[in-house]
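Colleague: I'm passing along work-v4.tsv; it holds TSV, C-alpha atoms.
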chain	number	residue	atom	x	y	z
A	13	MET	CA	4.54	242.02	193.62
A	14	LYS	CA	1.56	239.70	193.38
A	15	THR	CA	1.61	236.14	192.07
A	16	LEU	CA	-1.14	234.52	190.06
A	17	ALA	CA	-1.44	230.78	189.44
A	18	ILE	CA	-3.07	229.82	186.16
A	19	ILE	CA	-4.32	226.34	185.26
A	20	GLY	CA	-3.82	225.78	181.54
A	21	GLY	CA	-1.00	226.70	179.19
A	22	LYS	CA	-2.62	227.53	175.84
A	23	LEU	CA	-4.06	230.72	174.31
A	24	GLN	CA	-6.16	231.84	177.28
A	25	GLY	CA	-3.08	231.37	179.41
A	26	PHE	CA	-1.05	233.47	176.99
A	27	GLU	CA	-3.59	236.29	177.25
A	28	VAL	CA	-3.52	236.27	181.04
A	29	THR	CA	0.27	236.00	181.20
A	30	TYR	CA	0.67	238.94	178.81
A	31	LEU	CA	-1.63	241.15	180.91
A	32	ALA	CA	-0.02	239.97	184.14
A	33	LYS	CA	3.39	241.10	182.88
A	34	LYS	CA	1.96	244.52	182.02
A	35	ALA	CA	0.69	244.80	185.61
A	36	GLY	CA	3.88	243.51	187.29
A	37	ILE	CA	2.26	240.24	188.40
A	38	ASN	CA	4.24	237.00	188.51
A	39	VAL	CA	2.67	233.97	186.84
A	40	LEU	CA	2.88	230.36	188.00
A	41	LEU	CA	1.64	228.00	185.31
A	42	ILE	CA	0.08	224.67	186.27
A	43	ASP	CA	-0.43	222.20	183.44
A	44	LYS	CA	-0.59	218.41	183.28
A	45	HIS	CA	1.43	218.39	180.03
A	46	ASP	CA	5.20	218.66	180.35
A	47	CYS	CA	5.58	221.03	177.36
A	48	PRO	CA	2.64	223.47	177.41
A	49	LEU	CA	2.54	226.16	174.73
A	50	ILE	CA	3.39	229.15	176.95
A	51	ARG	CA	5.95	227.53	179.28
A	52	GLY	CA	8.66	229.94	178.11
A	53	LEU	CA	6.63	233.06	178.93
A	54	VAL	CA	5.72	232.42	182.57
A	55	ASP	CA	7.83	232.90	185.73
A	56	GLU	CA	7.32	229.37	187.09
A	57	PHE	CA	5.95	226.12	185.73
A	58	ASP	CA	4.63	223.22	187.80
A	59	CYS	CA	3.69	220.09	185.85
A	60	PHE	CA	0.88	218.09	187.46
A	61	ASP	CA	-2.81	217.27	187.04
A	62	VAL	CA	-4.85	219.18	189.62
A	63	THR	CA	-7.60	216.54	189.51
A	64	GLU	CA	-5.14	213.84	190.58
A	65	ASN	CA	-3.15	215.90	193.07
A	66	PRO	CA	-5.49	218.37	194.82
A	67	GLU	CA	-3.20	218.52	197.85
A	68	LYS	CA	-0.51	220.13	195.74
A	69	LEU	CA	-2.96	222.74	194.44
A	70	ILE	CA	-4.05	223.51	197.99
A	71	GLU	CA	-0.41	223.91	199.01
A	72	ILE	CA	0.21	226.29	196.11
A	73	SER	CA	-2.85	228.32	197.11
A	74	GLN	CA	-1.06	229.32	200.33
A	75	ASN	CA	1.68	231.09	198.35
A	76	VAL	CA	-0.20	232.88	195.56
A	77	ASP	CA	-2.72	235.72	195.55
A	78	ALA	CA	-5.26	234.07	193.25
A	79	ILE	CA	-5.85	231.04	191.04
A	80	LEU	CA	-7.40	231.34	187.59
A	81	PRO	CA	-8.43	228.39	185.39
A	82	VAL	CA	-7.67	229.22	181.76
A	83	ASN	CA	-8.78	226.01	180.11
A	84	GLU	CA	-12.10	224.53	179.04
A	85	ASN	CA	-11.59	220.96	180.19
A	86	GLN	CA	-14.94	220.19	181.78
A	87	VAL	CA	-13.51	217.53	184.12
A	88	THR	CA	-11.02	220.06	185.47
A	89	ILE	CA	-13.63	222.80	185.81
A	90	ASN	CA	-16.01	220.46	187.67
A	91	PHE	CA	-13.21	219.34	189.98
A	92	LEU	CA	-12.16	222.89	190.80
A	93	GLU	CA	-15.69	223.76	191.86
A	94	THR	CA	-15.61	220.96	194.44
A	95	THR	CA	-12.20	222.14	195.70
A	96	VAL	CA	-12.65	225.91	195.83
A	97	ASN	CA	-13.57	226.04	199.53
A	98	ALA	CA	-10.37	224.19	200.50
A	99	LEU	CA	-8.12	226.80	198.88
A	100	TYR	CA	-6.33	229.52	200.82
A	101	CYS	CA	-6.74	232.15	198.08
A	102	PRO	CA	-9.57	233.18	195.76
A	103	LEU	CA	-10.29	231.07	192.69
A	104	ILE	CA	-11.35	233.88	190.37
A	105	PHE	CA	-13.98	232.13	188.29
A	106	ASP	CA	-17.80	232.13	188.22
A	107	PHE	CA	-18.92	228.50	187.97
A	108	ASP	CA	-22.65	229.33	187.85
A	109	ALA	CA	-22.24	231.76	184.95
A	110	TYR	CA	-19.96	229.31	183.17
A	111	ARG	CA	-22.62	226.58	183.31
A	112	VAL	CA	-25.00	228.87	181.45
A	113	SER	CA	-22.49	230.14	178.92
A	114	ASN	CA	-20.91	226.75	178.20
A	115	ASP	CA	-24.18	225.32	176.85
A	116	LYS	CA	-25.51	227.26	173.87
A	117	LYS	CA	-29.07	226.00	174.40
A	118	LYS	CA	-29.01	227.19	178.01
A	119	SER	CA	-27.55	230.48	176.82
A	120	LYS	CA	-30.32	230.99	174.27
A	121	GLU	CA	-32.97	230.17	176.87
A	122	TYR	CA	-31.36	232.74	179.15
A	123	PHE	CA	-31.27	235.34	176.38
A	124	LYS	CA	-34.99	234.86	175.71
A	125	SER	CA	-35.88	234.97	179.42
A	126	ILE	CA	-34.60	238.56	179.73
A	127	GLY	CA	-35.57	239.77	176.25
A	128	VAL	CA	-32.12	239.79	174.63
A	129	PRO	CA	-32.22	239.90	170.80
A	130	THR	CA	-30.69	236.76	169.31
A	131	PRO	CA	-30.74	235.00	165.90
A	132	MET	CA	-33.93	233.14	165.07
A	133	ASP	CA	-33.94	229.42	165.79
A	134	TYR	CA	-34.59	226.81	163.12
A	135	PRO	CA	-36.82	226.59	161.10
A	136	CYS	CA	-35.70	229.66	159.22
A	137	ARG	CA	-34.81	230.53	155.67
A	138	LEU	CA	-31.41	229.57	154.30
A	139	PRO	CA	-28.57	230.15	154.74
A	140	CYS	CA	-28.44	229.09	158.35
A	141	ILE	CA	-25.63	228.46	160.79
A	142	ILE	CA	-25.06	225.27	162.81
A	143	LYS	CA	-23.09	225.32	166.07
A	144	PRO	CA	-22.15	222.52	168.49
A	145	LEU	CA	-23.64	222.97	171.94
A	146	CYS	CA	-20.48	223.17	174.01
A	147	GLU	CA	-17.54	224.22	171.85
A	148	SER	CA	-15.85	227.59	172.13
A	149	SER	CA	-14.77	229.90	169.33
A	150	SER	CA	-15.73	228.68	165.86
A	151	ILE	CA	-14.95	224.98	166.41
A	152	GLY	CA	-17.53	222.88	164.58
A	153	VAL	CA	-19.42	225.85	163.13
A	154	SER	CA	-20.75	225.50	159.58
A	155	ILE	CA	-22.90	227.54	157.21
A	156	ILE	CA	-25.62	225.63	155.35
A	157	HIS	CA	-26.84	226.98	152.00
A	158	ASP	CA	-29.10	224.12	150.85
A	159	TYR	CA	-31.53	221.74	152.53
A	160	GLU	CA	-29.68	218.64	151.34
A	161	ASN	CA	-26.87	219.42	153.81
A	162	LEU	CA	-29.20	220.30	156.67
A	163	ASP	CA	-29.55	217.47	159.19
A	164	ILE	CA	-32.53	218.39	161.31
A	165	ASN	CA	-31.92	215.32	163.48
A	166	ALA	CA	-28.79	216.97	164.88
A	167	ASN	CA	-30.83	219.30	167.09
A	168	GLU	CA	-29.98	217.43	170.29
A	169	LEU	CA	-26.26	217.96	169.74
A	170	LYS	CA	-26.27	221.28	167.93
A	171	ILE	CA	-28.24	224.47	167.55
A	172	ILE	CA	-29.44	225.76	164.19
A	173	GLU	CA	-29.92	229.50	163.70
A	174	GLU	CA	-30.52	231.98	160.94
A	175	PHE	CA	-27.31	233.33	159.43
A	176	ILE	CA	-26.95	237.10	159.78
A	177	GLU	CA	-24.45	239.15	157.82
A	178	GLY	CA	-22.53	241.79	159.75
A	179	ASP	CA	-19.57	242.61	161.96
A	180	VAL	CA	-18.72	240.25	164.79
A	181	ILE	CA	-18.24	242.46	167.84
A	182	SER	CA	-17.21	241.60	171.37
A	183	LEU	CA	-17.52	243.17	174.80
A	184	GLU	CA	-16.07	242.08	178.16
A	185	ILE	CA	-17.78	242.58	181.51
A	186	VAL	CA	-16.19	242.07	184.92
A	187	GLY	CA	-18.48	241.74	187.93
A	188	ASP	CA	-18.13	241.32	191.67
A	189	GLY	CA	-21.67	239.98	192.10
A	190	ARG	CA	-23.21	243.41	192.68
A	191	HIS	CA	-21.38	245.84	190.38
A	192	PHE	CA	-20.58	245.22	186.73
A	193	SER	CA	-17.92	246.96	184.70
A	194	VAL	CA	-18.67	246.98	180.96
A	195	VAL	CA	-15.34	247.70	179.30
A	196	LYS	CA	-14.50	248.19	175.59
A	197	GLU	CA	-16.08	247.05	172.33
A	198	THR	CA	-13.81	245.24	169.88
A	199	LYS	CA	-14.29	243.87	166.37
A	200	VAL	CA	-13.41	240.22	165.73
A	201	HIS	CA	-12.18	239.68	162.17
A	202	THR	CA	-12.86	236.13	160.98
A	203	ASP	CA	-11.79	233.92	158.09
A	204	GLU	CA	-13.92	231.71	155.86
A	205	LYS	CA	-14.16	229.16	158.71
A	206	TYR	CA	-15.40	231.94	161.03
A	207	ASP	CA	-12.30	231.67	163.15
A	208	CYS	CA	-10.59	234.82	164.43
A	209	HIS	CA	-7.36	236.03	162.83
A	210	MET	CA	-7.45	239.72	163.88
A	211	VAL	CA	-8.98	241.99	166.54
A	212	THR	CA	-9.36	245.79	166.41
A	213	PRO	CA	-11.23	248.36	168.53
A	214	PHE	CA	-14.88	249.03	167.71
A	215	GLY	CA	-16.83	252.24	168.32
A	216	HIS	CA	-19.03	252.92	171.34
A	217	ASN	CA	-22.40	251.17	171.06
A	218	SER	CA	-24.92	252.07	173.77
A	219	GLU	CA	-27.36	249.28	172.89
A	220	PHE	CA	-24.67	246.61	173.06
A	221	ARG	CA	-23.35	247.95	176.37
A	222	LYS	CA	-26.83	247.97	177.92
A	223	ILE	CA	-27.50	244.40	176.82
A	224	ALA	CA	-24.11	243.23	178.12
A	225	TYR	CA	-24.78	244.88	181.48
A	226	ASN	CA	-28.18	243.18	181.75
A	227	LEU	CA	-26.69	239.80	180.85
A	228	ALA	CA	-24.08	240.13	183.62
A	229	SER	CA	-26.32	241.65	186.28
A	230	ASN	CA	-29.09	239.05	185.88
A	231	LEU	CA	-26.48	236.32	186.33
A	232	LYS	CA	-25.03	238.21	189.32
A	233	LEU	CA	-21.69	237.68	187.62
A	234	LYS	CA	-18.67	237.36	189.89
A	235	GLY	CA	-15.89	236.97	187.38
A	236	ILE	CA	-15.37	237.87	183.73
A	237	MET	CA	-17.71	237.31	180.81
A	238	ASP	CA	-17.34	237.91	177.09
A	239	VAL	CA	-20.42	238.82	175.01
A	240	GLU	CA	-20.37	238.44	171.22
A	241	ALA	CA	-22.87	239.93	168.79
A	242	ILE	CA	-23.51	240.44	165.08
A	243	LYS	CA	-23.91	244.10	164.17
A	244	ASN	CA	-25.08	245.43	160.82
A	245	SER	CA	-26.68	248.68	159.70
A	246	ASP	CA	-30.16	247.47	160.69
A	247	ASP	CA	-29.75	245.24	163.68
A	248	LEU	CA	-27.73	243.89	166.60
A	249	ARG	CA	-28.11	240.26	167.72
A	250	ILE	CA	-26.33	238.52	170.59
A	251	ILE	CA	-24.80	235.24	169.40
A	252	GLU	CA	-23.02	233.92	172.51
A	253	ILE	CA	-21.58	234.55	175.95
A	254	ASP	CA	-18.48	232.98	177.51
A	255	ALA	CA	-17.97	233.25	181.26
A	256	ARG	CA	-14.23	232.62	181.22
A	257	PHE	CA	-11.15	234.67	180.42
A	258	PRO	CA	-11.15	235.27	176.67
A	259	SER	CA	-8.21	235.28	174.29
A	260	GLN	CA	-7.17	238.04	171.87
A	261	THR	CA	-9.69	240.78	172.72
A	262	PRO	CA	-8.30	241.75	176.20
A	263	ILE	CA	-4.91	242.72	174.71
A	264	VAL	CA	-6.63	245.09	172.27
A	265	VAL	CA	-8.71	246.50	175.12
A	266	TYR	CA	-5.52	247.08	177.11
A	267	HIS	CA	-3.59	248.89	174.40
A	268	SER	CA	-6.53	250.97	173.17
A	269	THR	CA	-7.85	252.07	176.59
A	270	GLY	CA	-5.19	251.31	179.22
A	271	ILE	CA	-7.66	249.07	181.08
A	272	ASN	CA	-6.21	245.75	182.21
A	273	LEU	CA	-9.01	243.18	182.42
A	274	LEU	CA	-6.89	240.83	184.54
A	275	VAL	CA	-6.42	243.55	187.16
A	276	LEU	CA	-10.18	244.24	187.12
A	277	LEU	CA	-10.87	240.54	187.58
A	278	MET	CA	-8.55	240.25	190.57
A	279	GLN	CA	-10.17	243.35	192.08
A	280	ALA	CA	-13.60	241.74	191.69
A	281	PHE	CA	-12.54	239.14	194.27
A	282	SER	CA	-10.88	241.60	196.64
A	283	SER	CA	-11.88	245.27	196.72
A	284	GLY	CA	-14.69	245.04	194.17
A	285	VAL	CA	-15.17	246.74	190.79
A	286	GLN	CA	-16.44	250.17	189.85
A	287	GLU	CA	-19.07	250.35	187.15
A	288	ILE	CA	-17.98	251.94	183.87
A	289	GLU	CA	-20.50	253.67	181.64
A	290	THR	CA	-18.19	255.01	178.95
A	291	VAL	CA	-14.62	254.03	178.07
A	292	SER	CA	-12.29	256.48	176.35
A	293	GLN	CA	-10.23	255.06	173.50
A	294	ASN	CA	-6.83	256.72	173.71
A	295	ASN	CA	-5.03	254.54	171.18
A	296	TYR	CA	-5.70	252.31	168.22
A	297	CYS	CA	-4.52	248.69	168.33
A	298	ILE	CA	-4.40	245.64	166.09
A	299	LEU	CA	-3.76	242.08	167.24
A	300	GLU	CA	-3.30	239.65	164.36
A	301	HIS	CA	-2.04	236.15	163.60
A	302	ILE	CA	0.04	235.76	160.45
A	303	MET	CA	2.16	233.15	158.70
A	304	LEU	CA	5.02	233.51	156.22
A	305	LYS	CA	4.23	231.33	153.21
A	306	ASN	CA	6.17	231.44	149.92
A	307	GLY	CA	7.61	234.80	150.90
A	308	GLN	CA	4.19	236.32	151.60
A	309	LEU	CA	2.49	237.04	154.92
A	310	ILE	CA	-1.00	235.59	155.14
A	311	PRO	CA	-3.56	235.70	157.97
A	312	VAL	CA	-4.07	232.51	159.97
A	313	ASP	CA	-6.62	231.56	162.61
A	314	GLU	CA	-6.01	231.00	166.29
A	315	GLN	CA	-6.36	227.22	165.96
A	316	ILE	CA	-2.98	227.13	164.19
A	317	LEU	CA	-1.43	228.72	167.26
A	318	SER	CA	-3.34	226.57	169.72
A	319	ASN	CA	-1.92	223.42	168.13
A	320	ALA	CA	1.69	224.66	168.15
A	321	THR	CA	4.49	223.51	170.46
A	322	ASN	CA	5.96	226.75	171.82
A	323	TYR	CA	5.13	230.45	172.04
A	324	SER	CA	7.98	232.90	172.64
A	325	TRP	CA	9.09	236.51	172.25
A	326	PHE	CA	10.37	237.41	168.80
A	327	TYR	CA	10.44	241.22	168.83
A	328	ASN	CA	9.58	243.91	171.38
A	329	SER	CA	9.59	247.69	171.08
A	330	GLU	CA	7.19	250.51	171.92
A	331	GLY	CA	4.11	250.13	169.76
A	332	LEU	CA	5.13	246.78	168.28
A	333	GLU	CA	5.39	243.32	169.82
A	334	ILE	CA	5.75	240.04	167.96
A	335	PHE	CA	5.53	236.50	169.32
A	336	LYS	CA	6.61	233.47	167.33
A	337	CYS	CA	4.63	230.27	167.52
A	338	TYR	CA	6.66	227.16	166.72
A	339	GLY	CA	5.14	223.96	165.35
A	340	ASP	CA	4.27	222.20	162.12
A	341	TYR	CA	3.12	225.56	160.76
A	342	PRO	CA	5.20	228.35	162.39
A	343	ALA	CA	3.16	231.51	162.80
A	344	PHE	CA	3.39	234.92	164.46
A	345	THR	CA	1.16	236.98	166.71
A	346	MET	CA	1.77	240.67	166.06
A	347	ILE	CA	0.44	243.44	168.30
A	348	THR	CA	0.66	247.02	167.08
A	349	TRP	CA	-0.65	250.15	168.77
A	350	GLY	CA	-0.39	253.92	168.54
A	351	ILE	CA	-2.30	257.19	168.73
A	352	ASP	CA	-4.24	256.59	165.51
A	353	GLU	CA	-4.74	254.14	162.65
A	354	LEU	CA	-2.08	255.79	160.50
A	355	THR	CA	0.56	255.30	163.21
A	356	VAL	CA	-0.49	251.69	163.63
A	357	ASP	CA	-0.33	251.08	159.86
A	358	GLU	CA	3.27	252.31	159.91
A	359	MET	CA	4.04	249.97	162.81
A	360	ARG	CA	2.45	247.07	160.93
A	361	ASP	CA	4.66	247.71	157.92
A	362	LYS	CA	7.67	247.68	160.23
A	363	GLY	CA	6.50	244.40	161.79
A	364	PHE	CA	5.95	242.79	158.40
A	365	PHE	CA	9.46	243.79	157.34
A	366	ILE	CA	10.99	242.34	160.51
A	367	ILE	CA	9.18	239.02	160.13
A	368	LYS	CA	10.08	238.67	156.46
A	369	ASN	CA	13.73	239.66	156.79
A	370	LYS	CA	14.88	238.75	160.29
A	371	HIS	CA	13.21	235.58	161.50
A	372	LEU	CA	15.40	233.20	159.51
A	373	ASN	CA	18.59	234.62	160.99
A	374	GLN	CA	17.68	235.59	164.51
A	375	ASP	CA	14.96	234.15	166.71
A	376	VAL	CA	14.74	236.93	169.28
A	377	ILE	CA	15.08	240.65	168.68
A	378	ILE	CA	14.45	242.93	171.65
A	379	LEU	CA	15.10	246.64	171.46
Written as C-alpha cells, that's how I'd like the structure from this file.
Modeller:
Amino acid sequence: MKTLAIIGGKLQGFEVTYLAKKAGINVLLIDKHDCPLIRGLVDEFDCFDVTENPEKLIEISQNVDAILPVNENQVTINFLETTVNALYCPLIFDFDAYRVSNDKKKSKEYFKSIGVPTPMDYPCRLPCIIKPLCESSSIGVSIIHDYENLDINANELKIIEEFIEGDVISLEIVGDGRHFSVVKETKVHTDEKYDCHMVTPFGHNSEFRKIAYNLASNLKLKGIMDVEAIKNSDDLRIIEIDARFPSQTPIVVYHSTGINLLVLLMQAFSSGVQEIETVSQNNYCILEHIMLKNGQLIPVDEQILSNATNYSWFYNSEGLEIFKCYGDYPAFTMITWGIDELTVDEMRDKGFFIIKNKHLNQDVIIL
C-alpha cells in the first residue's frame, strides 16, 4: 500500500483523500492548524508549518511515496518550490503551470498567445463580469449591470470581461511533461453568487478537449490542470485554468468513468501517463452540497463547507455516500451514482430521506 502526504486540510484535501481511499492509498495530512477540516478522514495527521520546519517535511519525504500540496497559500507554495530538490520523494505539482494559472491576467495572455477563445476584455457591452486576479473559485466575482457600479480604475487588481450566458463546464488534464491525458467533461452547477453547489457529468465535446490538450501541451504540464469554459448553443469560451488539484469534479469523474485522477497524477511522476482521446461514461453521478433548513433541503455553496470545523462520514452504501460538515451552518455533501439518471434520482431520494429523518438521532450510519 502506498502513502501520500498532503499539505492542507480543506476541500482540496478532502477530494484527494476520498480518491486515495478508493485506490487503497494511505493519507498523511500535514497542516499548521491543530483542527483542520478533514482530520477525521485521513490515516495520520501531523500538525506543523512546513515553512517553519522544513527538516520535518524532508524527514517525512523519506517515508511516503509522494507529497501533494492541496492549498493555495502562496507563501507555502513558494517555499515548497525552493525545497523540492531536498525531498526524497516526488512533489507532484507543476509550479511553472501554477504561476500562469494563478494570475488571471497571465492566463488570458497565455490564452491569446495560442489562439484560445476567451471572453472579450473590457470595454464591452453590459452586463460584464469582474474577477479578482488571484482568487480561486468564485471568490470576489461580481456581475455588473450598469455603468454606475463599474469601477474602471480597478483594472490593476481585477479583470473585467463580457458576461456570457451558458453552462459552466470543466475538464481535467494530467500530464507528465510530454504526454497529456484529457479525462472527462463535467458540468458545474452554480448559485446566484456563481459558486458551485453541484457537479454532474457533461457530454463529450471535441472542441473543448482539443483546446484543453493544447493548453496543457504548450505549458508542458507535469501535474494536473483544470480547465473551465462557458458553453452555449453558439459558442465555447475558456474562462480559466487552475494548475492544482481541483475539488468536486474529480469525484464525479471517478464515479462516472472509473478513472481516478489522483492515481493518474501519481503515475505522471513515476511511469508516465497515456494519452486519452475518448472517455466512456459508464455511470451517471451527482455530487452536491445541501443544508437542512426549516425541514427543507436547500443547495449550499462550497464556501459553507470550507469554513466549517469538521468533515466526517455520515452514511455509506453502494451508490450513495453522505458526509456531514459541522460548523455554524451544518451541511452535507451527498454523492450518488448509478447506471443512469433514473437510478441516481432514486438514490438521491433515499439520501434526502436519510438526511431529513436520521441525522438528528444518529451521526454515523454505515451499511
Colleague: Hey, could you make a per-residue contact list for segment 244-267 of chain A against segment 202-220 of chain A with 10 Å as the cut-off, showing the nearest pair of atoms and its distance in Å to one decimal, counting only C-alpha atoms, sorted by chain and number, as a Markdown table?
Modeller:
| residue | atom | partner | partner_atom | distance |
| --- | --- | --- | --- | --- |
| A:Leu248 | CA | A:Phe220 | CA | 7.6 |
| A:Arg249 | CA | A:Phe220 | CA | 9.0 |
| A:Ile250 | CA | A:Phe220 | CA | 8.6 |
| A:Gln260 | CA | A:Val211 | CA | 6.9 |
| A:Thr261 | CA | A:Val211 | CA | 6.3 |
| A:Pro262 | CA | A:Val211 | CA | 9.7 |
| A:Ile263 | CA | A:Val211 | CA | 9.2 |
| A:Val264 | CA | A:Thr212 | CA | 6.5 |
| A:Val265 | CA | A:Pro213 | CA | 7.3 |
| A:His267 | CA | A:Pro213 | CA | 9.6 |
Colleague: Each residue of segment 30-128 of chain A lying at most 8 Å from segment 323-330 of chain A should get a row with its shortest atom-to-atom pair and the distance in Å to one decimal, counting only C-alpha atoms; could you produce that, ordered by chain and increasing number, as CSV?
Modeller:
residue,atom,partner,partner_atom,distance
A:Leu49,CA,A:Tyr323,CA,5.7
A:Ile50,CA,A:Tyr323,CA,5.4
A:Arg51,CA,A:Tyr323,CA,7.8
A:Gly52,CA,A:Ser324,CA,6.3
A:Leu53,CA,A:Ser324,CA,6.4
Colleague: Which residue out of A:Gln293, A:Ser119, A:Thr63, A:Asn83 has the minimum interatomic distance to Leu23 of chain A when all atoms listed in the file are used?
Modeller: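 Answer, going by the shortest atom-to-atom distance: A:Asn83.
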Colleague: Given the choices A:Ile351, A:Ile142, A:Ala224, A:Val312, which gets closest to Pro129 of chain A if the distance is worked out from all atoms listed in the file?
Modeller: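 Counting all atoms listed in the file, the residue closest to Pro129 of chain A is A:Ala224.
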Colleague: Restricting the calculation to only C-alpha atoms: of A:Cys140, A:Cys101, A:Ile185, A:Ile334, which residue gets closest to Gln286 of chain A?
Modeller: A:Ile185
Colleague: For segment 353-369 of chain A in the structure I just supplied, write out N, CA and C atoms - as a short mmCIF file (atom, residue, chain, number, x, y, z; two decimals), in the first residue's frame.
Modeller:
data_model
loop_
_atom_site.label_atom_id
_atom_site.label_comp_id
_atom_site.auth_asym_id
_atom_site.auth_seq_id
_atom_site.Cartn_x
_atom_site.Cartn_y
_atom_site.Cartn_z
N GLU A 353 -29.52 8.13 -15.10
CA GLU A 353 -30.03 9.24 -14.30
C GLU A 353 -31.21 8.81 -13.45
N LEU A 354 -32.04 7.89 -13.95
CA LEU A 354 -33.19 7.44 -13.18
C LEU A 354 -32.74 6.74 -11.90
N THR A 355 -31.73 5.88 -12.01
CA THR A 355 -31.19 5.19 -10.83
C THR A 355 -30.63 6.19 -9.83
N VAL A 356 -29.94 7.20 -10.34
CA VAL A 356 -29.35 8.21 -9.46
C VAL A 356 -30.44 9.04 -8.78
N ASP A 357 -31.51 9.35 -9.51
CA ASP A 357 -32.62 10.10 -8.90
C ASP A 357 -33.22 9.32 -7.73
N GLU A 358 -33.33 7.99 -7.89
CA GLU A 358 -33.86 7.17 -6.81
C GLU A 358 -32.91 7.18 -5.61
N MET A 359 -31.60 7.14 -5.89
CA MET A 359 -30.62 7.22 -4.81
C MET A 359 -30.68 8.58 -4.10
N ARG A 360 -30.88 9.64 -4.86
CA ARG A 360 -30.98 10.97 -4.26
C ARG A 360 -32.17 11.04 -3.31
N ASP A 361 -33.30 10.49 -3.74
CA ASP A 361 -34.47 10.50 -2.87
C ASP A 361 -34.19 9.76 -1.57
N LYS A 362 -33.47 8.64 -1.69
CA LYS A 362 -33.08 7.88 -0.50
C LYS A 362 -32.18 8.72 0.41
N GLY A 363 -31.20 9.42 -0.22
CA GLY A 363 -30.29 10.25 0.56
C GLY A 363 -31.01 11.40 1.25
N PHE A 364 -31.94 12.03 0.55
CA PHE A 364 -32.71 13.11 1.15
C PHE A 364 -33.50 12.61 2.37
N PHE A 365 -34.07 11.43 2.24
CA PHE A 365 -34.85 10.85 3.34
C PHE A 365 -33.95 10.61 4.54
N ILE A 366 -32.77 10.05 4.29
CA ILE A 366 -31.85 9.73 5.39
C ILE A 366 -31.43 11.01 6.12
N ILE A 367 -31.09 12.04 5.37
CA ILE A 367 -30.65 13.28 6.00
C ILE A 367 -31.78 13.89 6.82
N LYS A 368 -32.98 13.91 6.28
CA LYS A 368 -34.10 14.54 6.98
C LYS A 368 -34.51 13.77 8.24
N ASN A 369 -34.43 12.44 8.18
CA ASN A 369 -35.01 11.64 9.25
C ASN A 369 -34.02 11.00 10.21
#
